[in-house]
Amino acid sequence: MMKHTEPMLKEGALQGKTILVTGGGTGLGRSMSKYFLELGANVVIASRKLDVLQAAANELQAETGGQVLPVACDVRNYQEVEQVLAATLERFGSINGLLNNAAGNFISPTERLSHKAFDTIVGIVLQGTYNCTLAIGKHWIAQKQPGVILNIVTTYAWTGSGYVVPSACAKAGVLALTRSLAVEWAKYNIRSNAIAPGPFPTKGAWDRLFPPALQDKMDVSKKVPLKRVGEHQELANLAAYLMSDYSAYINGEVVTIDGGEWLNGAGEFNFLEQLPPEMWDEIERMVRGAGKSK
Ligand code: HXC
Ligand code: NAP
């Protein structure tokens with residue numbers, strides 16, 4: 001029996017491609033990088049901490065037999081992003097895909113934030129994404145070469161969310177960038193898509209969004225209609241598909257992978273799920289009776 005935790009795409013589905021994954025040394029970026037490697041891609045992982053990247057690169061190469069280039073880069077700095085591109089071309093000769101995955105986030109009441117805290121999150125998420133997109137997009141256009149951009153957003157990119165306001169603003173901007181360039185750069189054969197994950201446990205996100213004092217009070221899987229958090233392979237399957245030529249006609253899409261979580265919070269009457277089933281007989285009697293004259 002097939003399981004959702006299994007790799008999905010055909011062997012060699014990303015063979016011959018070189019993909020840059022920002023934030024590829026940890027968490028979801030690492031998991032997606034691993035699957036890209038298993039499917040035959042070369043992967044460049046870029047983030048600030050070179051020691052973390054180097055350790056991840058060694059492990060990923062040992063696990064998959066693929067080629068990984070770790071490059072230190074703060075995505076907020078355009079020159080550093082250009083250096084990642086140069087290092088990629090020197091090592092692999094070309095670049096075919098960009099996964100904008102690096103992010104910064106933490107929970108806080110907005111009035112407690114300094115303007116620098118706001119700058120920091122928007123800098124990593126929005127500026128980092130447009131820096132990488134611009135540098136690599138310009139390269140593809142100059143080389144008359146096709147390319148694929150995949151941006152990791154969140155479901156609150158369109159709903160907004162209190163307590164993560166800089167992240168919500170930045171992810172909304174990334175979604176606008178995705179949809180805008182899907183149209184503008186289609187003529188260059190550059191596709192732009194996004195994925196909006198629900199909760200997928202990672203150390204980076206859990207330390208900053210669900211610290212122990214909060215975890216004791218709330219079980220995040222209870223907010224999800226499917227009553228579980230996501231498995232990294234499920235996300236990796238989707239990302240690999242959107243990176244691959246199998247999705248050649250998908251452009252400008254944002255795919256939600258959250259077990260129904262955001263709609264659960266949005267649907268006016270979804271709270272009725274809390275009612276004990278035996279109450280429905282009485283409720284039906286009352287509702288049916290409402291229209292009848294006494
Ligand atoms: C209030 C805070 C704060 C906090 C930092 N700041 N943490 N303010 N509450 N908890 C303020 C600092 O005081 C400083 O402002 C400014 O933010 C920058 O902080 P630095 O520590 O100097 O920044 P830096 O070293 O660049 O670190 C960036 C970071 C850090 C975002 C703060 O957490 C980080 O490196 N994060 C990377 C990984 C990450 O965040 N992963 C989670 C992604 S999860 P002042 O004014 O004092 O100088 C995600 C999932 C969403 O996005 C959806 C889940 C379901
Ligand atoms: P994570 O492990 O903390 O990943 C964030 C990565 O971004 C780290 O590798 C970090 O590396 C890198 N990064 C941060 N600032 C950077 C900068 N200035 N320049 C370059 N790289 C930088 O968290 P994650 O949970 O895997 O998150 C990955 C993505 O998924 C993010 O876009 C996040 O918003 C999204 N997401 C996650 C969830 C979830 O439930 N986990 C849900 C929805 C969306 P360095 O520290 O080395 O720089």
# chains A, B, ... in the order shown; residues from 1 in each chain; ligands from 1
>>> residues_near_ligand(ligand="ligand 2", cutoff="8 Å", atoms="only C-alpha atoms and all ligand atoms", output="ChimeraX atom specification")
/A:22-30,46-50,52-53,72-76,100-105,123-125,128,151-155,167,171,196-206,230
>>> select_by_dssp(residues="region 35-103 of chain A", states="alpha helix (DSSP H)", output="VMD selection string")
chain A and resid 35 to 38 50 to 64 78 to 92
>>> write_last_selection(atoms="N, CA and C atoms", output="CSV table (one decimal), in the first residue's frame")
chain,number,residue,atom,x,y,z
A,35,TYR,N,15.5,15.4,-1.1
A,35,TYR,CA,14.7,14.8,-2.1
A,35,TYR,C,15.1,15.2,-3.6
A,36,PHE,N,15.4,16.5,-3.7
A,36,PHE,CA,15.9,16.9,-5.0
A,36,PHE,C,17.2,16.1,-5.4
A,37,LEU,N,18.1,15.9,-4.4
A,37,LEU,CA,19.3,15.1,-4.7
A,37,LEU,C,19.0,13.7,-5.0
A,38,GLU,N,18.0,13.1,-4.3
A,38,GLU,CA,17.6,11.7,-4.6
A,38,GLU,C,17.1,11.6,-6.0
A,50,LEU,N,27.9,29.0,7.8
A,50,LEU,CA,28.6,28.1,7.0
A,50,LEU,C,28.9,26.7,7.6
A,51,ASP,N,29.1,26.7,9.0
A,51,ASP,CA,29.3,25.4,9.6
A,51,ASP,C,28.1,24.5,9.5
A,52,VAL,N,26.9,25.1,9.7
A,52,VAL,CA,25.7,24.3,9.6
A,52,VAL,C,25.6,23.8,8.2
A,53,LEU,N,25.8,24.6,7.2
A,53,LEU,CA,25.7,24.2,5.8
A,53,LEU,C,26.7,23.1,5.4
A,54,GLN,N,27.9,23.3,5.9
A,54,GLN,CA,28.9,22.3,5.6
A,54,GLN,C,28.6,20.9,6.1
A,55,ALA,N,28.1,20.9,7.4
A,55,ALA,CA,27.7,19.6,8.0
A,55,ALA,C,26.6,19.0,7.2
A,56,ALA,N,25.6,19.9,6.9
A,56,ALA,CA,24.4,19.4,6.1
A,56,ALA,C,24.8,18.8,4.8
A,57,ALA,N,25.8,19.6,4.1
A,57,ALA,CA,26.2,19.1,2.8
A,57,ALA,C,26.9,17.8,2.9
A,58,ASN,N,27.7,17.6,3.9
A,58,ASN,CA,28.4,16.3,4.0
A,58,ASN,C,27.4,15.2,4.2
A,59,GLU,N,26.4,15.4,5.1
A,59,GLU,CA,25.4,14.4,5.4
A,59,GLU,C,24.6,14.1,4.2
A,60,LEU,N,24.1,15.1,3.5
A,60,LEU,CA,23.3,15.0,2.3
A,60,LEU,C,24.0,14.2,1.2
A,61,GLN,N,25.3,14.5,1.0
A,61,GLN,CA,26.0,13.8,0.0
A,61,GLN,C,26.1,12.3,0.4
A,62,ALA,N,26.4,12.1,1.7
A,62,ALA,CA,26.6,10.7,2.1
A,62,ALA,C,25.2,9.9,2.0
A,63,GLU,N,24.1,10.6,2.3
A,63,GLU,CA,22.8,10.0,2.3
A,63,GLU,C,22.3,9.7,0.9
A,64,THR,N,22.7,10.6,-0.1
A,64,THR,CA,22.0,10.5,-1.4
A,64,THR,C,23.0,10.2,-2.5
A,78,TYR,N,22.5,41.8,-1.6
A,78,TYR,CA,22.5,41.5,-3.0
A,78,TYR,C,23.8,41.0,-3.5
A,79,GLN,N,24.9,41.6,-3.1
A,79,GLN,CA,26.2,41.2,-3.6
A,79,GLN,C,26.5,39.7,-3.1
A,80,GLU,N,26.1,39.4,-1.9
A,80,GLU,CA,26.3,38.0,-1.5
A,80,GLU,C,25.5,37.0,-2.3
A,81,VAL,N,24.3,37.4,-2.7
A,81,VAL,CA,23.5,36.6,-3.6
A,81,VAL,C,24.1,36.4,-4.9
A,82,GLU,N,24.7,37.5,-5.5
A,82,GLU,CA,25.4,37.4,-6.7
A,82,GLU,C,26.6,36.5,-6.6
A,83,GLN,N,27.2,36.5,-5.5
A,83,GLN,CA,28.4,35.5,-5.3
A,83,GLN,C,27.9,34.1,-5.2
A,84,VAL,N,26.7,33.8,-4.7
A,84,VAL,CA,26.2,32.5,-4.7
A,84,VAL,C,26.0,32.0,-6.1
A,85,LEU,N,25.4,32.9,-6.9
A,85,LEU,CA,25.2,32.6,-8.4
A,85,LEU,C,26.5,32.3,-9.0
A,86,ALA,N,27.5,33.1,-8.8
A,86,ALA,CA,28.8,32.9,-9.4
A,86,ALA,C,29.4,31.6,-9.0
A,87,ALA,N,29.3,31.3,-7.7
A,87,ALA,CA,29.9,30.0,-7.2
A,87,ALA,C,29.1,28.8,-7.8
A,88,THR,N,27.8,29.0,-8.0
A,88,THR,CA,27.0,27.9,-8.6
A,88,THR,C,27.4,27.6,-10.0
A,89,LEU,N,27.6,28.7,-10.8
A,89,LEU,CA,28.0,28.6,-12.2
A,89,LEU,C,29.4,28.0,-12.3
A,90,GLU,N,30.3,28.4,-11.4
A,90,GLU,CA,31.6,27.9,-11.5
A,90,GLU,C,31.6,26.4,-11.2
A,91,ARG,N,30.8,25.9,-10.2
A,91,ARG,CA,30.9,24.5,-9.8
A,91,ARG,C,30.0,23.6,-10.8
A,92,PHE,N,28.8,24.1,-11.2
A,92,PHE,CA,27.9,23.2,-11.9
A,92,PHE,C,27.7,23.7,-13.4
>>> select_by_dssp(residues="region 76-248 of chain A", states="strand (DSSP E or B)", output="ChimeraX atom specification")
/A:97-100,147-152,190-197
>>> write_last_selection(atoms="N, CA and C atoms", output="compact mmCIF listing (two decimals), in the first residue's frame")
# COMPACT_ATOMS: atom_id res chain seq x y z
N GLY A 97 16.86 26.00 -11.18
CA GLY A 97 15.75 26.23 -10.26
C GLY A 97 16.18 27.03 -9.04
N LEU A 98 15.24 27.81 -8.52
CA LEU A 98 15.48 28.60 -7.30
C LEU A 98 14.35 28.30 -6.32
N LEU A 99 14.72 27.82 -5.13
CA LEU A 99 13.73 27.61 -4.07
C LEU A 99 13.98 28.64 -2.98
N ASN A 100 13.13 29.65 -2.93
CA ASN A 100 13.22 30.68 -1.89
C ASN A 100 12.55 30.17 -0.63
N GLY A 147 13.71 28.79 -16.54
CA GLY A 147 13.98 28.63 -15.11
C GLY A 147 12.70 28.42 -14.33
N VAL A 148 12.87 27.90 -13.11
CA VAL A 148 11.70 27.67 -12.23
C VAL A 148 11.97 28.34 -10.89
N ILE A 149 10.99 29.14 -10.46
CA ILE A 149 11.08 29.76 -9.13
C ILE A 149 9.98 29.16 -8.27
N LEU A 150 10.36 28.74 -7.08
CA LEU A 150 9.38 28.21 -6.14
C LEU A 150 9.58 28.93 -4.80
N ASN A 151 8.53 29.54 -4.31
CA ASN A 151 8.61 30.33 -3.08
C ASN A 151 7.82 29.66 -1.96
N ILE A 152 8.42 29.57 -0.79
CA ILE A 152 7.70 29.00 0.35
C ILE A 152 7.03 30.16 1.11
N ILE A 190 10.14 31.41 -17.72
CA ILE A 190 10.43 31.30 -16.28
C ILE A 190 9.08 31.16 -15.56
N ARG A 191 8.91 30.05 -14.88
CA ARG A 191 7.67 29.82 -14.12
C ARG A 191 7.87 30.24 -12.67
N SER A 192 6.80 30.75 -12.04
CA SER A 192 6.85 31.12 -10.61
C SER A 192 5.66 30.51 -9.90
N ASN A 193 5.92 29.74 -8.88
CA ASN A 193 4.85 29.17 -8.07
C ASN A 193 5.21 29.28 -6.58
N ALA A 194 4.23 28.98 -5.75
CA ALA A 194 4.47 29.03 -4.30
C ALA A 194 3.81 27.83 -3.63
N ILE A 195 4.34 27.51 -2.47
CA ILE A 195 3.72 26.50 -1.60
C ILE A 195 3.41 27.17 -0.27
N ALA A 196 2.21 26.92 0.24
CA ALA A 196 1.84 27.43 1.57
C ALA A 196 1.68 26.24 2.51
N PRO A 197 2.72 25.94 3.28
CA PRO A 197 2.60 24.80 4.20
C PRO A 197 1.84 25.19 5.47
>>> closest_residue(among="A:Val44, A:Val164, A:Leu126, A:Ala266", to="ligand 1", atoms="only C-alpha atoms and all ligand atoms")
A:Val164
>>> closest_residue(among="A:Ser161, A:Asn189, A:Ser33, A:Thr129", to="Ala176 (chain A)", atoms="only C-alpha atoms")
A:Thr129
>>> residues_around(residues="Ile141 (chain A)", least_positions_apart="2", cutoff="12 Å", atoms="only C-alpha atoms", output="ChimeraX atom specification")
/A:96,133-139,143-147,184-190
>>> write_last_selection(atoms="N, CA and C atoms", output="mmCIF file, in the first residue's frame")
data_model
loop_
_atom_site.group_PDB
_atom_site.id
_atom_site.type_symbol
_atom_site.label_atom_id
_atom_site.label_comp_id
_atom_site.auth_asym_id
_atom_site.auth_seq_id
_atom_site.Cartn_x
_atom_site.Cartn_y
_atom_site.Cartn_z
ATOM 1 N N ASN A 96 19.122 25.940 -12.792
ATOM 2 C CA ASN A 96 17.808 25.715 -13.410
ATOM 3 C C ASN A 96 16.637 26.045 -12.497
ATOM 4 N N THR A 133 15.575 36.251 -6.511
ATOM 5 C CA THR A 133 14.763 36.183 -7.732
ATOM 6 C C THR A 133 15.333 37.102 -8.804
ATOM 7 N N LEU A 134 15.721 38.303 -8.396
ATOM 8 C CA LEU A 134 16.232 39.279 -9.373
ATOM 9 C C LEU A 134 17.583 38.829 -9.931
ATOM 10 N N ALA A 135 18.481 38.427 -9.056
ATOM 11 C CA ALA A 135 19.822 38.036 -9.512
ATOM 12 C C ALA A 135 19.733 36.844 -10.465
ATOM 13 N N ILE A 136 18.964 35.847 -10.089
ATOM 14 C CA ILE A 136 18.929 34.623 -10.900
ATOM 15 C C ILE A 136 18.018 34.807 -12.116
ATOM 16 N N GLY A 137 16.936 35.549 -11.931
ATOM 17 C CA GLY A 137 16.052 35.849 -13.076
ATOM 18 C C GLY A 137 16.794 36.613 -14.163
ATOM 19 N N LYS A 138 17.560 37.616 -13.781
ATOM 20 C CA LYS A 138 18.335 38.394 -14.773
ATOM 21 C C LYS A 138 19.310 37.479 -15.517
ATOM 22 N N HIS A 139 19.915 36.565 -14.777
ATOM 23 C CA HIS A 139 20.857 35.625 -15.391
ATOM 24 C C HIS A 139 20.128 34.749 -16.429
ATOM 25 N N GLN A 143 20.809 34.746 -20.442
ATOM 26 C CA GLN A 143 21.272 33.495 -21.084
ATOM 27 C C GLN A 143 20.220 32.890 -22.011
ATOM 28 N N LYS A 144 19.015 33.517 -22.059
ATOM 29 C CA LYS A 144 17.880 32.956 -22.819
ATOM 30 C C LYS A 144 17.628 31.492 -22.400
ATOM 31 N N GLN A 145 17.583 31.337 -21.094
ATOM 32 C CA GLN A 145 17.473 29.992 -20.528
ATOM 33 C C GLN A 145 16.204 29.905 -19.692
ATOM 34 N N PRO A 146 15.450 28.808 -19.748
ATOM 35 C CA PRO A 146 14.264 28.699 -18.885
ATOM 36 C C PRO A 146 14.648 28.526 -17.413
ATOM 37 N N GLY A 147 13.707 28.790 -16.542
ATOM 38 C CA GLY A 147 13.984 28.625 -15.114
ATOM 39 C C GLY A 147 12.698 28.419 -14.330
ATOM 40 N N GLU A 184 4.655 38.174 -15.912
ATOM 41 C CA GLU A 184 5.635 39.007 -16.608
ATOM 42 C C GLU A 184 6.788 38.200 -17.206
ATOM 43 N N TRP A 185 7.243 37.184 -16.495
ATOM 44 C CA TRP A 185 8.411 36.427 -16.965
ATOM 45 C C TRP A 185 8.054 35.140 -17.712
ATOM 46 N N ALA A 186 6.760 34.908 -17.921
ATOM 47 C CA ALA A 186 6.382 33.703 -18.682
ATOM 48 C C ALA A 186 6.983 33.754 -20.084
ATOM 49 N N LYS A 187 7.102 34.963 -20.643
ATOM 50 C CA LYS A 187 7.654 35.103 -22.004
ATOM 51 C C LYS A 187 9.117 34.650 -22.070
ATOM 52 N N TYR A 188 9.781 34.607 -20.928
ATOM 53 C CA TYR A 188 11.161 34.098 -20.883
ATOM 54 C C TYR A 188 11.206 32.611 -20.490
ATOM 55 N N ASN A 189 10.006 32.015 -20.397
ATOM 56 C CA ASN A 189 9.922 30.606 -19.973
ATOM 57 C C ASN A 189 10.429 30.408 -18.535
ATOM 58 N N ILE A 190 10.139 31.409 -17.718
ATOM 59 C CA ILE A 190 10.431 31.303 -16.281
ATOM 60 C C ILE A 190 9.085 31.156 -15.563
#
>>> atom_distance(atom1="atom 2 (C, counted along the ligand's line) of ligand 1", atom2="CA of Lys116 (chain A)")
8.6 Å
>>> closest_residue(among="A:Asp219, A:Leu181, A:Ala290, A:Glu282", to="Asn251 (chain A)", atoms="only C-alpha atoms")
A:Leu181
>>> closest_residue(among="A:Ala13, A:Val229, A:Met32, A:Met218", to="ligand 1", atoms="only C-alpha atoms and all ligand atoms")
A:Val229
>>> closest_residue(among="A:Phe269, A:Phe210, A:Tyr130, A:Tyr249", to="Ser108 (chain A)", atoms="only C-alpha atoms")
A:Phe210
>>> closest_residue(among="A:Asp245, A:Glu234, A:Glu261, A:Asp281", to="ligand 1", atoms="only C-alpha atoms and all ligand atoms")
A:Glu261
>>> residues_around(residues="Gly12 (chain A)", least_positions_apart="2", cutoff="8 Å", atoms="only C-alpha atoms", output="list in words")
Lys10, Leu14, Gln15, Glu38, Leu39 and Gly40 of chain A
>>> atom_distance(atom1="atom 23 (O, counted along the ligand's line) of ligand 1", atom2="CA of Gly162 (chain A)")
20.4 Å
>>> atom_distance(atom1="atom 25 (O, counted along the ligand's line) of ligand 1", atom2="CA of Ala236 (chain A)")
27.5 Å
>>> decode(residues="region 158-192 of chain A", atoms="N, CA and C atoms", output="short mmCIF file (atom, residue, chain, number, x, y, z; two decimals), in the first residue's frame")
data_model
loop_
_atom_site.label_atom_id
_atom_site.label_comp_id
_atom_site.auth_asym_id
_atom_site.auth_seq_id
_atom_site.Cartn_x
_atom_site.Cartn_y
_atom_site.Cartn_z
N TRP A 158 -2.32 35.28 2.92
CA TRP A 158 -3.56 35.91 2.45
C TRP A 158 -4.57 36.17 3.56
N THR A 159 -4.51 35.44 4.66
CA THR A 159 -5.47 35.74 5.74
C THR A 159 -4.92 36.82 6.67
N GLY A 160 -3.58 36.98 6.68
CA GLY A 160 -2.95 37.78 7.72
C GLY A 160 -2.98 36.99 9.02
N SER A 161 -2.17 37.38 10.00
CA SER A 161 -2.22 36.76 11.32
C SER A 161 -1.62 37.68 12.35
N GLY A 162 -2.34 37.84 13.46
CA GLY A 162 -1.78 38.55 14.59
C GLY A 162 -0.56 37.81 15.13
N TYR A 163 0.29 38.53 15.83
CA TYR A 163 1.44 37.98 16.58
C TYR A 163 2.60 37.50 15.70
N VAL A 164 2.42 37.54 14.38
CA VAL A 164 3.54 37.28 13.45
C VAL A 164 3.42 38.29 12.31
N VAL A 165 3.16 39.54 12.67
CA VAL A 165 2.79 40.54 11.66
C VAL A 165 3.89 40.82 10.64
N PRO A 166 5.17 40.96 11.06
CA PRO A 166 6.20 41.19 10.03
C PRO A 166 6.26 40.03 9.04
N SER A 167 6.16 38.82 9.54
CA SER A 167 6.18 37.64 8.67
C SER A 167 4.97 37.64 7.74
N ALA A 168 3.80 37.98 8.28
CA ALA A 168 2.59 38.00 7.44
C ALA A 168 2.73 39.01 6.32
N CYS A 169 3.26 40.22 6.65
CA CYS A 169 3.44 41.26 5.62
C CYS A 169 4.43 40.78 4.56
N ALA A 170 5.52 40.17 5.02
CA ALA A 170 6.57 39.75 4.09
C ALA A 170 6.09 38.60 3.21
N LYS A 171 5.42 37.63 3.79
CA LYS A 171 4.94 36.48 2.99
C LYS A 171 3.88 36.93 1.99
N ALA A 172 3.05 37.91 2.38
CA ALA A 172 2.06 38.46 1.43
C ALA A 172 2.79 39.09 0.24
N GLY A 173 3.89 39.77 0.53
CA GLY A 173 4.69 40.36 -0.55
C GLY A 173 5.28 39.30 -1.46
N VAL A 174 5.74 38.21 -0.85
CA VAL A 174 6.31 37.11 -1.65
C VAL A 174 5.24 36.48 -2.55
N LEU A 175 4.03 36.38 -2.02
CA LEU A 175 2.94 35.83 -2.84
C LEU A 175 2.64 36.76 -4.02
N ALA A 176 2.64 38.06 -3.76
CA ALA A 176 2.41 39.04 -4.85
C ALA A 176 3.52 38.95 -5.89
N LEU A 177 4.75 38.79 -5.43
CA LEU A 177 5.88 38.64 -6.34
C LEU A 177 5.70 37.39 -7.21
N THR A 178 5.29 36.31 -6.57
CA THR A 178 5.08 35.03 -7.29
C THR A 178 4.08 35.21 -8.43
N ARG A 179 2.94 35.81 -8.10
CA ARG A 179 1.87 35.93 -9.10
C ARG A 179 2.22 36.96 -10.17
N SER A 180 2.92 38.01 -9.78
CA SER A 180 3.29 39.06 -10.74
C SER A 180 4.27 38.52 -11.78
N LEU A 181 5.31 37.86 -11.30
CA LEU A 181 6.35 37.38 -12.23
C LEU A 181 5.89 36.17 -13.03
N ALA A 182 4.91 35.43 -12.49
CA ALA A 182 4.37 34.30 -13.26
C ALA A 182 3.89 34.80 -14.61
N VAL A 183 3.31 36.00 -14.62
CA VAL A 183 2.81 36.58 -15.86
C VAL A 183 3.94 37.29 -16.61
N GLU A 184 4.66 38.17 -15.91
CA GLU A 184 5.64 39.01 -16.61
C GLU A 184 6.79 38.20 -17.21
N TRP A 185 7.24 37.18 -16.49
CA TRP A 185 8.41 36.43 -16.96
C TRP A 185 8.05 35.14 -17.71
N ALA A 186 6.76 34.91 -17.92
CA ALA A 186 6.38 33.70 -18.68
C ALA A 186 6.98 33.75 -20.08
N LYS A 187 7.10 34.96 -20.64
CA LYS A 187 7.65 35.10 -22.00
C LYS A 187 9.12 34.65 -22.07
N TYR A 188 9.78 34.61 -20.93
CA TYR A 188 11.16 34.10 -20.88
C TYR A 188 11.21 32.61 -20.49
N ASN A 189 10.01 32.02 -20.40
CA ASN A 189 9.92 30.61 -19.97
C ASN A 189 10.43 30.41 -18.53
N ILE A 190 10.14 31.41 -17.72
CA ILE A 190 10.43 31.30 -16.28
C ILE A 190 9.08 31.16 -15.56
N ARG A 191 8.91 30.05 -14.88
CA ARG A 191 7.67 29.82 -14.12
C ARG A 191 7.87 30.24 -12.67
N SER A 192 6.80 30.75 -12.04
CA SER A 192 6.85 31.12 -10.61
C SER A 192 5.66 30.51 -9.90
#
